[in-house]
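As provided, input-v2.txt (compact mmCIF, C-alpha atoms) reads as follows.
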```txt
# COMPACT_ATOMS: atom_id res chain seq x y z
CA MET A 1 135.57 196.84 46.75
CA LYS A 2 137.92 194.49 48.58
CA MET A 3 141.61 195.34 48.38
CA ASN A 4 144.44 192.81 48.35
CA PRO A 5 148.18 193.20 48.91
CA MET A 6 150.30 193.31 45.76
CA GLY A 7 152.98 190.91 46.94
CA ARG A 8 155.31 192.42 49.54
CA THR A 9 155.24 195.89 48.02
CA GLY A 10 152.88 197.42 50.57
CA VAL A 11 150.59 198.44 47.69
CA MET A 12 146.93 197.46 47.92
CA VAL A 13 145.01 196.74 44.72
CA SER A 14 141.35 196.07 44.04
CA GLU A 15 140.35 192.43 43.66
CA LEU A 16 139.12 193.29 40.16
CA CYS A 17 141.49 194.79 37.59
CA LEU A 18 140.39 196.58 34.42
CA GLY A 19 141.91 194.89 31.40
CA THR A 20 142.40 197.02 28.30
CA MET A 21 143.66 194.73 25.56
CA THR A 22 140.74 195.57 23.23
CA PHE A 23 141.21 199.34 23.50
CA GLY A 24 142.00 200.40 19.95
CA THR A 25 140.32 197.53 18.10
CA GLN A 26 137.00 196.34 19.52
CA THR A 27 136.86 199.21 22.01
CA SER A 28 137.11 202.82 20.81
CA GLU A 29 139.08 205.57 22.53
CA ALA A 30 135.87 207.23 23.78
CA GLU A 31 134.62 203.90 25.15
CA GLY A 32 137.99 203.20 26.74
CA HIS A 33 137.94 206.57 28.50
CA ALA A 34 134.40 205.92 29.70
CA GLN A 35 135.49 202.55 31.09
CA MET A 36 138.32 204.19 32.99
CA ASP A 37 135.92 206.69 34.53
CA CYS A 38 133.41 203.99 35.43
CA ALA A 39 135.97 201.55 36.85
CA LEU A 40 137.69 204.13 39.04
CA GLY A 41 134.33 205.51 40.10
CA ASN A 42 133.28 202.06 41.32
CA GLY A 43 136.27 201.20 43.48
CA ILE A 44 138.66 199.64 40.96
CA ASN A 45 142.17 201.05 41.39
CA PHE A 46 144.07 198.62 39.17
CA VAL A 47 144.47 198.88 35.37
CA ASP A 48 146.48 196.47 33.19
CA THR A 49 147.84 196.97 29.68
CA ALA A 50 150.85 196.02 27.52
CA GLU A 51 153.03 197.51 24.82
CA MET A 52 151.79 194.94 22.27
CA TYR A 53 148.09 195.71 22.76
CA PRO A 54 145.48 195.85 21.30
CA VAL A 55 144.57 192.31 20.27
CA ASN A 56 141.71 190.84 18.24
CA PRO A 57 143.64 190.99 16.04
CA ILE A 58 147.30 191.55 16.90
CA ALA A 59 148.71 193.75 14.14
CA LYS A 60 151.89 195.76 13.70
CA GLU A 61 149.97 198.87 12.67
CA THR A 62 147.99 198.95 15.93
CA THR A 63 150.79 197.94 18.32
CA GLY A 64 150.95 200.45 21.17
CA LYS A 65 147.49 201.90 20.49
CA THR A 66 146.06 200.70 23.80
CA GLU A 67 148.75 202.48 25.79
CA GLU A 68 148.12 205.59 23.70
CA ILE A 69 144.41 205.53 24.58
CA LEU A 70 145.25 205.24 28.26
CA GLY A 71 147.75 208.04 27.70
CA THR A 72 145.14 210.43 26.37
CA TRP A 73 142.98 209.64 29.41
CA ASN A 74 145.96 210.34 31.69
CA ALA A 75 146.59 213.63 29.88
CA LYS A 76 143.01 214.71 30.48
CA ASN A 77 143.06 213.58 34.12
CA ARG A 78 146.48 214.57 35.47
CA SER A 79 145.19 214.93 39.02
CA ARG A 80 143.89 211.34 39.01
CA ARG A 81 147.08 209.52 38.07
CA GLY A 82 147.75 208.72 41.71
CA ASP A 83 144.28 207.24 42.12
CA TYR A 84 145.12 203.97 40.43
CA ILE A 85 147.87 201.37 40.01
CA LEU A 86 149.02 201.16 36.39
CA ALA A 87 150.53 197.93 35.12
CA THR A 88 152.05 197.36 31.70
CA LYS A 89 154.33 194.83 30.03
CA HIS A 90 157.50 194.34 28.00
CA SER A 91 157.00 191.74 25.23
CA GLY A 92 159.25 188.69 25.24
CA GLU A 93 161.26 187.10 22.47
CA GLY A 94 159.48 186.03 19.30
CA LEU A 95 156.87 188.75 18.75
CA LYS A 96 158.01 190.06 15.38
CA ASP A 97 155.79 193.15 15.50
CA VAL A 98 157.78 194.53 18.45
CA ARG A 99 161.55 195.08 18.10
CA ASN A 100 161.57 192.35 15.44
CA GLY A 101 161.23 189.69 18.11
CA THR A 102 164.28 190.70 20.13
CA ALA A 103 164.61 189.05 23.55
CA ILE A 104 164.16 191.00 26.78
CA SER A 105 167.54 192.24 28.02
CA SER A 106 169.33 195.18 29.61
CA LYS A 107 169.54 196.64 26.09
CA THR A 108 165.80 196.53 25.40
CA ILE A 109 164.46 197.45 28.84
CA PRO A 110 165.40 201.18 28.92
CA GLU A 111 164.12 201.95 25.41
CA THR A 112 160.95 199.91 25.94
CA ILE A 113 160.11 201.65 29.21
CA GLU A 114 160.68 205.04 27.60
CA GLY A 115 158.18 204.02 24.93
CA ASN A 116 155.68 202.83 27.53
CA LEU A 117 155.97 206.10 29.44
CA ARG A 118 155.64 208.20 26.32
CA ARG A 119 152.53 206.43 25.07
CA LEU A 120 150.95 206.32 28.52
CA GLN A 121 151.75 210.00 29.12
CA THR A 122 152.86 209.32 32.68
CA ASP A 123 156.04 209.76 34.67
CA TYR A 124 156.02 206.30 36.24
CA ILE A 125 154.70 202.76 35.92
CA ASP A 126 153.52 201.10 39.13
CA LEU A 127 153.96 197.48 38.03
CA TYR A 128 156.27 196.54 35.16
CA GLN A 129 155.81 192.99 33.88
CA PHE A 130 157.69 190.75 31.48
CA HIS A 131 154.94 189.47 29.19
CA TRP A 132 156.44 185.98 28.75
CA PRO A 133 159.87 184.41 29.23
CA ASN A 134 162.56 184.63 26.56
CA ARG A 135 162.92 180.86 26.81
CA GLY A 136 159.26 180.32 25.89
CA SER A 137 156.28 179.33 28.01
CA TYR A 138 153.98 176.41 28.63
CA MET A 139 151.03 178.82 28.58
CA PHE A 140 148.79 179.52 25.56
CA ARG A 141 147.88 175.81 25.16
CA LYS A 142 151.56 174.81 24.87
CA ASN A 143 151.68 173.02 28.22
CA TRP A 144 151.94 169.49 26.79
CA ASN A 145 154.47 170.40 24.10
CA TYR A 146 156.75 172.82 25.95
CA ASN A 147 160.27 171.36 25.97
CA PRO A 148 162.64 172.69 28.68
CA ALA A 149 165.42 170.42 27.39
CA LEU A 150 166.10 173.01 24.71
CA GLN A 151 167.13 175.59 27.31
CA ASN A 152 170.60 176.60 28.42
CA LYS A 153 170.35 177.10 32.17
CA ALA A 154 173.47 179.24 32.51
CA ASN A 155 172.31 181.58 29.74
CA THR A 156 168.82 181.79 31.24
CA LEU A 157 170.11 182.75 34.68
CA ALA A 158 172.60 185.23 33.26
CA ASN A 159 169.83 186.93 31.30
CA MET A 160 167.61 187.09 34.40
CA GLU A 161 170.35 188.76 36.41
CA ASP A 162 171.08 191.15 33.54
CA CYS A 163 167.41 192.11 33.36
CA LEU A 164 167.06 192.58 37.11
CA ALA A 165 170.07 194.91 37.16
CA ALA A 166 168.51 196.94 34.35
CA LEU A 167 165.19 197.09 36.22
CA GLN A 168 166.98 198.39 39.31
CA LYS A 169 168.31 201.31 37.27
CA GLN A 170 164.75 202.08 36.16
CA VAL A 171 163.55 201.94 39.78
CA ASP A 172 166.36 204.30 40.78
CA LYS A 173 165.28 206.71 38.03
CA GLY A 174 161.69 206.58 39.24
CA ASN A 175 160.42 205.18 35.94
CA ILE A 176 159.02 202.01 37.48
CA ARG A 177 158.11 201.07 41.03
CA HIS A 178 157.58 197.31 41.12
CA PHE A 179 158.28 194.23 39.01
CA GLY A 180 156.04 191.36 37.94
CA LEU A 181 156.07 188.35 35.66
CA SER A 182 153.55 186.92 33.22
CA ASN A 183 153.12 183.48 31.65
CA GLU A 184 155.92 182.15 33.83
CA SER A 185 156.54 178.73 35.37
CA ALA A 186 157.21 177.74 38.96
CA TRP A 187 160.89 177.11 38.23
CA GLY A 188 161.29 180.41 36.41
CA THR A 189 159.56 182.40 39.14
CA ALA A 190 161.68 180.73 41.80
CA GLN A 191 164.86 181.71 39.95
CA TRP A 192 163.78 185.33 39.60
CA LEU A 193 163.06 185.37 43.35
CA ARG A 194 166.36 183.75 44.30
CA LEU A 195 168.44 186.07 42.15
CA SER A 196 166.65 189.18 43.35
CA GLU A 197 167.09 188.23 47.00
CA ASP A 198 170.74 187.18 46.57
CA ARG A 199 171.65 190.35 44.68
CA GLY A 200 169.34 192.86 46.39
CA LEU A 201 167.53 193.55 43.10
CA PRO A 202 163.81 194.13 42.39
CA ARG A 203 161.73 191.26 43.80
CA VAL A 204 158.88 189.67 41.88
CA ALA A 205 155.64 191.07 43.30
CA THR A 206 153.08 189.32 41.11
CA ILE A 207 152.63 186.82 38.32
CA GLN A 208 150.02 187.23 35.60
CA ASN A 209 148.96 183.83 34.27
CA GLU A 210 145.71 182.46 32.91
CA TYR A 211 143.35 181.02 35.52
CA SER A 212 139.65 180.23 35.48
CA LEU A 213 137.16 177.44 36.11
CA LEU A 214 138.30 176.07 32.74
CA CYS A 215 142.07 176.59 33.15
CA ARG A 216 143.50 175.50 36.49
CA LEU A 217 147.14 174.70 35.71
CA TYR A 218 148.14 177.22 38.37
CA ASP A 219 146.76 174.92 41.08
CA THR A 220 149.33 172.23 40.32
CA ASP A 221 152.53 174.04 41.36
CA LEU A 222 152.49 177.83 41.22
CA ALA A 223 149.77 178.03 43.87
CA GLU A 224 152.19 176.79 46.51
CA LEU A 225 154.88 179.21 45.40
CA SER A 226 152.42 182.11 45.41
CA VAL A 227 151.30 181.50 48.98
CA ASN A 228 154.72 180.80 50.47
CA GLU A 229 156.59 183.55 48.64
CA ASP A 230 153.88 186.26 48.62
CA VAL A 231 153.75 186.42 44.83
CA GLY A 232 150.09 187.07 44.11
CA LEU A 233 148.38 185.81 40.98
CA ILE A 234 146.85 188.42 38.69
CA THR A 235 144.69 186.13 36.62
CA PHE A 236 143.89 186.89 33.02
CA SER A 237 140.90 185.34 31.21
CA PRO A 238 138.96 184.52 34.41
CA LEU A 239 135.92 184.19 32.10
CA ALA A 240 137.89 181.99 29.68
CA THR A 241 137.68 184.49 26.79
CA GLY A 242 133.91 184.68 27.23
CA LEU A 243 133.21 180.94 27.34
CA LEU A 244 132.10 181.27 30.96
CA THR A 245 129.41 183.78 30.02
CA GLY A 246 127.57 181.03 28.17
CA LYS A 247 127.19 183.22 25.10
CA TYR A 248 128.96 180.73 22.82
CA GLN A 249 126.91 177.68 23.79
CA ASN A 250 124.97 175.84 21.08
CA SER A 251 127.34 177.10 18.38
CA ALA A 252 126.35 180.76 18.93
CA ILE A 253 128.79 183.42 17.70
CA PRO A 254 127.51 186.88 18.67
CA GLU A 255 128.34 189.63 16.23
CA GLY A 256 131.48 191.53 17.22
CA SER A 257 132.42 188.96 19.86
CA ARG A 258 135.92 187.60 20.30
CA LYS A 259 134.87 184.29 18.77
CA SER A 260 133.77 186.09 15.62
CA LEU A 261 137.38 187.25 15.27
CA SER A 262 139.15 184.16 16.64
CA PRO A 263 136.98 181.09 15.97
CA ASP A 264 138.88 178.68 18.24
CA LEU A 265 139.49 181.28 20.98
CA GLY A 266 143.19 180.54 21.05
CA GLY A 267 142.70 176.78 21.19
CA ARG A 268 140.14 176.83 24.00
CA THR A 269 137.16 175.51 22.02
CA THR A 270 137.80 171.79 22.44
CA ASP A 271 135.06 169.15 22.51
CA ARG A 272 135.36 169.00 26.30
CA VAL A 273 134.68 172.66 26.92
CA TRP A 274 131.00 172.77 25.97
CA PRO A 275 129.73 170.18 28.51
CA ALA A 276 131.97 171.78 31.14
CA VAL A 277 130.39 175.19 30.54
CA ASP A 278 126.94 173.57 30.63
CA ALA A 279 127.80 172.10 34.03
CA TYR A 280 128.93 175.46 35.46
CA MET A 281 125.88 177.20 34.03
CA ALA A 282 123.66 174.62 35.73
CA ILE A 283 125.43 175.24 39.05
CA ALA A 284 124.95 178.99 38.68
CA ALA A 285 121.23 178.48 37.95
CA LYS A 286 120.85 176.09 40.89
CA HIS A 287 122.32 178.62 43.31
CA ASP A 288 120.60 181.62 41.69
CA VAL A 289 123.79 183.42 40.76
CA ASP A 290 124.84 184.84 37.41
CA ILE A 291 127.40 182.61 35.65
CA VAL A 292 129.72 185.60 35.07
CA HIS A 293 129.53 186.61 38.71
CA MET A 294 130.02 183.04 39.90
CA SER A 295 133.08 182.53 37.70
CA LEU A 296 134.75 185.72 38.94
CA ALA A 297 133.74 185.22 42.56
CA TRP A 298 135.14 181.69 42.51
CA CYS A 299 138.51 182.98 41.31
CA LEU A 300 138.56 185.47 44.16
CA THR A 301 138.15 182.69 46.74
CA ARG A 302 141.52 181.20 45.83
CA PRO A 303 144.20 181.75 48.50
CA PHE A 304 146.84 182.96 46.02
CA MET A 305 144.70 185.51 44.20
CA CYS A 306 145.85 189.13 44.05
CA SER A 307 143.41 190.41 41.42
CA ALA A 308 141.31 189.16 38.51
CA ILE A 309 141.65 191.00 35.20
CA PHE A 310 138.47 191.34 33.19
CA GLY A 311 137.91 192.93 29.80
CA ALA A 312 134.75 194.58 28.54
CA THR A 313 134.39 195.51 24.90
CA ARG A 314 131.16 197.36 25.70
CA HIS A 315 130.17 199.55 28.62
CA GLU A 316 127.17 197.42 29.56
CA GLN A 317 129.51 194.46 30.06
CA LEU A 318 131.58 196.49 32.49
CA GLU A 319 128.47 197.55 34.41
CA HIS A 320 127.32 193.94 34.61
CA ILE A 321 130.66 192.73 35.97
CA LEU A 322 130.71 195.46 38.62
CA LYS A 323 127.49 194.05 40.06
CA MET A 324 129.37 190.97 41.30
CA THR A 325 131.25 192.74 44.07
CA ASP A 326 128.65 191.72 46.69
CA VAL A 327 128.41 188.11 45.50
CA GLU A 328 129.54 185.47 48.00
CA LEU A 329 129.39 181.82 47.00
CA SER A 330 127.93 179.39 49.50
CA ASN A 331 129.81 176.29 50.62
CA GLU A 332 127.25 174.23 48.74
CA CYS A 333 127.97 176.15 45.54
CA LEU A 334 131.72 175.72 46.00
CA ASP A 335 131.23 171.99 46.58
CA ASP A 336 129.22 171.72 43.37
CA ILE A 337 131.97 173.56 41.49
CA ALA A 338 134.60 171.15 42.86
CA LYS A 339 132.50 168.17 41.73
CA ALA A 340 132.03 169.68 38.26
CA HIS A 341 135.78 170.20 37.93
CA LYS A 342 136.42 166.54 38.66
CA ALA A 343 133.72 165.48 36.22
CA HIS A 344 134.91 167.82 33.45
CA PRO A 345 138.70 168.17 33.68
CA MET A 346 140.13 170.43 31.03
CA PRO A 347 143.17 169.38 28.97
CA TYR A 348 144.77 172.83 29.21
```
What's the structure tokens form of this structure?
Amino acid sequence: MKMNPMGRTGVMVSELCLGTMTFGTQTSEAEGHAQMDCALGNGINFVDTAEMYPVNPIAKETTGKTEEILGTWNAKNRSRRGDYILATKHSGEGLKDVRNGTAISSKTIPETIEGNLRRLQTDYIDLYQFHWPNRGSYMFRKNWNYNPALQNKANTLANMEDCLAALQKQVDKGNIRHFGLSNESAWGTAQWLRLSEDRGLPRVATIQNEYSLLCRLYDTDLAELSVNEDVGLITFSPLATGLLTGKYQNSAIPEGSRKSLSPDLGGRTTDRVWPAVDAYMAIAAKHDVDIVHMSLAWCLTRPFMCSAIFGATRHEQLEHILKMTDVELSNECLDDIAKAHKAHPMPY
């Protein structure tokens, strides 16, 4: 499997990353362990999780369960911990199920990382990410309503510097190795970079934002920052929560699927999405490539891409995704995709 640089860290990660957010709800512990074995056995060396997982649904009583499942795998496979890059996240302000919605700060970072390490049963975290900014985010279908005028710039920058100083202490202790962002904006990422370089504090290595054939906000500004500043995108939902598998077309709702648990798929099921998916499915059929493989392979052609996170609730889904590693899209296919994007622009 192709390896890409993780920012300027010198670390190389696989172009596909195993996502684990369903471990503990839709995906059992035994299945999660089997996915770890299968992913690592097939060249994936990158695994992503978060303290708030699992989802579908998000619930206080299951918070942290995903990290615990990865932790029991780590405990059973001590000699393999160095075989993969482990990424997890610190939840931002507003999630009441974690620390009663307290904002990320130098006060929360040490205790949160200790919790991550304890649940994961590991001595270190390779990539530590802030799940979303304290000031809010335009992601999660909030892009047209996000209001930066409500921010206090001085407070925002002071909090960033406070957090970076706290992260440096964790690096010095050996608890974390590198720092990343998630659901951030171009302005926010630029400020984190500036402060880290001015103060000699941990530099942003990656940014984890949504990106797919159906969600291309990243192209409008963050793409340029990524390329020029070596901050690689770790895309989540490259299959648009399953929409780009085609399984939800014609009002289908497969039993046990994400749509059976979240009918609007987090606001993604607009009237525009169905003809757009039809168009991409037609392109895949025309070029004799699986729609899942085409969607992932297209993401990996983007110049700012570090790795694409995929989730598999069942083992057969994981095996199917792994078959795309040899897929290369022709110029004709890429041209057809570009035309479809212009014909079916998404509002998010």
* In file coordinates, which residues lie within 6 Å of (142.2, 189.2, 31.8) using only C-alpha atoms, given as a list in words? ->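 So the residues meeting the distance criterion are Gly19, Phe236, Ser237, Ile309 and Phe310 of chain A.
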Output the selection as a CSV table (one decimal), in the frame of the given file - C-alpha atoms for each residue.
```csv
chain,number,residue,atom,x,y,z
A,19,GLY,CA,141.9,194.9,31.4
A,236,PHE,CA,143.9,186.9,33.0
A,237,SER,CA,140.9,185.3,31.2
A,309,ILE,CA,141.6,191.0,35.2
A,310,PHE,CA,138.5,191.3,33.2
```
Kindly assemble as JSON lines a list of the range 139-255 of chain A residues that lie within 9 Å of range 6-14 of chain A, each paired with its nearest atom pair and their distance in Å to one decimal, using all atoms listed in the file, sorted first by chain and then by ascending residue number.
```
{"residue": "A:His178", "atom": "CA", "partner": "A:Thr9", "partner_atom": "CA", "distance": 7.4}
{"residue": "A:Arg203", "atom": "CA", "partner": "A:Arg8", "partner_atom": "CA", "distance": 8.7}
{"residue": "A:Val204", "atom": "CA", "partner": "A:Gly7", "partner_atom": "CA", "distance": 7.9}
{"residue": "A:Ala205", "atom": "CA", "partner": "A:Gly7", "partner_atom": "CA", "distance": 4.5}
{"residue": "A:Thr206", "atom": "CA", "partner": "A:Gly7", "partner_atom": "CA", "distance": 6.0}
{"residue": "A:Ser226", "atom": "CA", "partner": "A:Gly7", "partner_atom": "CA", "distance": 8.9}
{"residue": "A:Glu229", "atom": "CA", "partner": "A:Gly7", "partner_atom": "CA", "distance": 8.4}
{"residue": "A:Asp230", "atom": "CA", "partner": "A:Gly7", "partner_atom": "CA", "distance": 5.0}
{"residue": "A:Val231", "atom": "CA", "partner": "A:Gly7", "partner_atom": "CA", "distance": 5.0}
{"residue": "A:Gly232", "atom": "CA", "partner": "A:Gly7", "partner_atom": "CA", "distance": 5.6}
```
How about saving the chosen residues, C-alpha atoms kept, as a PDB file, in the frame of the given file?
```pdb
ATOM      1  CA  HIS A 178     157.580 197.310  41.120  1.00  0.00           C
ATOM      2  CA  ARG A 203     161.730 191.260  43.800  1.00  0.00           C
ATOM      3  CA  VAL A 204     158.880 189.670  41.880  1.00  0.00           C
ATOM      4  CA  ALA A 205     155.640 191.070  43.300  1.00  0.00           C
ATOM      5  CA  THR A 206     153.080 189.320  41.110  1.00  0.00           C
ATOM      6  CA  SER A 226     152.420 182.110  45.410  1.00  0.00           C
ATOM      7  CA  GLU A 229     156.590 183.550  48.640  1.00  0.00           C
ATOM      8  CA  ASP A 230     153.880 186.260  48.620  1.00  0.00           C
ATOM      9  CA  VAL A 231     153.750 186.420  44.830  1.00  0.00           C
ATOM     10  CA  GLY A 232     150.090 187.070  44.110  1.00  0.00           C
TER      11      GLY A 232
END
```
* To do: Excluding range 219-223 of chain A and any residue of its chain fewer than 4 positions from it, enumerate the residues within 9 Å of it, using all atoms listed in the file, and give them as a list in words.
  =>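 Everything that qualifies: Ser185, Ala186, Trp187, Thr189, Tyr211, Val227, Asn228, Leu233, Pro303 and Phe304 of chain A.
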Those selected residues, please, written with C-alpha atoms and delivered as an mmCIF file, keeping the file's coordinate frame.
```
data_model
loop_
_atom_site.group_PDB
_atom_site.id
_atom_site.type_symbol
_atom_site.label_atom_id
_atom_site.label_comp_id
_atom_site.auth_asym_id
_atom_site.auth_seq_id
_atom_site.Cartn_x
_atom_site.Cartn_y
_atom_site.Cartn_z
ATOM 1 C CA SER A 185 156.540 178.730 35.370
ATOM 2 C CA ALA A 186 157.210 177.740 38.960
ATOM 3 C CA TRP A 187 160.890 177.110 38.230
ATOM 4 C CA THR A 189 159.560 182.400 39.140
ATOM 5 C CA TYR A 211 143.350 181.020 35.520
ATOM 6 C CA VAL A 227 151.300 181.500 48.980
ATOM 7 C CA ASN A 228 154.720 180.800 50.470
ATOM 8 C CA LEU A 233 148.380 185.810 40.980
ATOM 9 C CA PRO A 303 144.200 181.750 48.500
ATOM 10 C CA PHE A 304 146.840 182.960 46.020
#
```
* To do: Write out as number ranges by chain each polymer residue whose atoms come within 10 Å of Val171 in chain A, counting all atoms listed in the file; drop sequence neighbours fewer than 6 positions from it.
  => A: 124-125, 165, 177-179, 201-202
* Asked: Using only C-alpha atoms, which residue out of A:Ala240, A:Leu16, A:Met160, A:Leu213 lies closest to Gly188 in chain A?
  -> A:Met160
Box centre and edge lengths (Å, one decimal), axis-aligned, range 202-210 of chain A plus 5 Å each side, as lines of an AutoDock Vina configuration file:
```
center_x = 154.8
center_y = 188.3
center_z = 38.4
size_x = 28.1
size_y = 21.7
size_z = 20.9
```
* Asked: Any idea what's packed within 8 Å of Leu70 in chain A, counting all atoms listed in the file, ignoring anything in its chain fewer than 4 positions away? Could you give it as a ChimeraX atom specification?
  -> /A:32-33,66,74,120
* Asked: Nearest to Thr112 in chain A among A:Leu167, A:Ala282, A:Leu300, A:Ala154, with distances taken over all atoms listed in the file: which residue is it?
  ->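 For Thr112 in chain A, the nearest of the candidates is A:Leu167.
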* Structure fact -> In Å and to one decimal, CA of Met139 in chain A is distant from CA of Cys215 in chain A by 10.3 Å
* Contacts of Gly41 in chain A at 12 Å (only C-alpha atoms; same-chain gap of 4+ positions) as a PyMOL selection string -> chain A and resi 1+34-37+45-46+80+83-84+319+322
* To do: Would you please work out which residue, of A:Ser295, A:Asp48, A:Asn77, A:Gln168, is nearest to Pro110 in chain A when using all atoms listed in the file?
  =>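 Smallest distance to Pro110 in chain A is found for A:Gln168.
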* Nearest to Glu224 in chain A: which of A:Met305, A:His293, A:Tyr280, A:Glu31 is it, counting all atoms listed in the file? ->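 Answer, going by the shortest atom-to-atom distance: A:Met305.
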* Asked: Which one is closest to Glu114 in chain A: A:Cys163, A:Leu334, A:Leu225, A:Ile176? Count only C-alpha atoms.
  ->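 Among the listed residues, the smallest separation from Glu114 in chain A belongs to A:Ile176.
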* Neighbour list for range 283-288 of chain A as a VMD selection string, cut-off 10 Å, only C-alpha atoms, skip fewer than 4 positions in-chain -> chain A and resid 277 to 279 292 to 295 329 to 330 332 to 334 336 to 337 340
* Using all atoms listed in the file, which of A:Asn175, A:Leu127, A:Gly200, A:Val289 sits nearest Glu328 in chain A? ->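 That would be A:Val289, the residue with the smallest distance to Glu328 in chain A.
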* Using all atoms listed in the file, what residues lie at most 8 Å away from (123.7, 190.4, 39.5) (file coordinates), given as a list in words? -> Val289, Asp290, His293, His320, Lys323, Met324 and Val327 of chain A
Output the selection as an mmCIF file, keeping the file's coordinate frame - C-alpha atoms for each residue.
```cif
data_model
loop_
_atom_site.group_PDB
_atom_site.id
_atom_site.type_symbol
_atom_site.label_atom_id
_atom_site.label_comp_id
_atom_site.auth_asym_id
_atom_site.auth_seq_id
_atom_site.Cartn_x
_atom_site.Cartn_y
_atom_site.Cartn_z
ATOM 1 C CA VAL A 289 123.790 183.420 40.760
ATOM 2 C CA ASP A 290 124.840 184.840 37.410
ATOM 3 C CA HIS A 293 129.530 186.610 38.710
ATOM 4 C CA HIS A 320 127.320 193.940 34.610
ATOM 5 C CA LYS A 323 127.490 194.050 40.060
ATOM 6 C CA MET A 324 129.370 190.970 41.300
ATOM 7 C CA VAL A 327 128.410 188.110 45.500
#
```
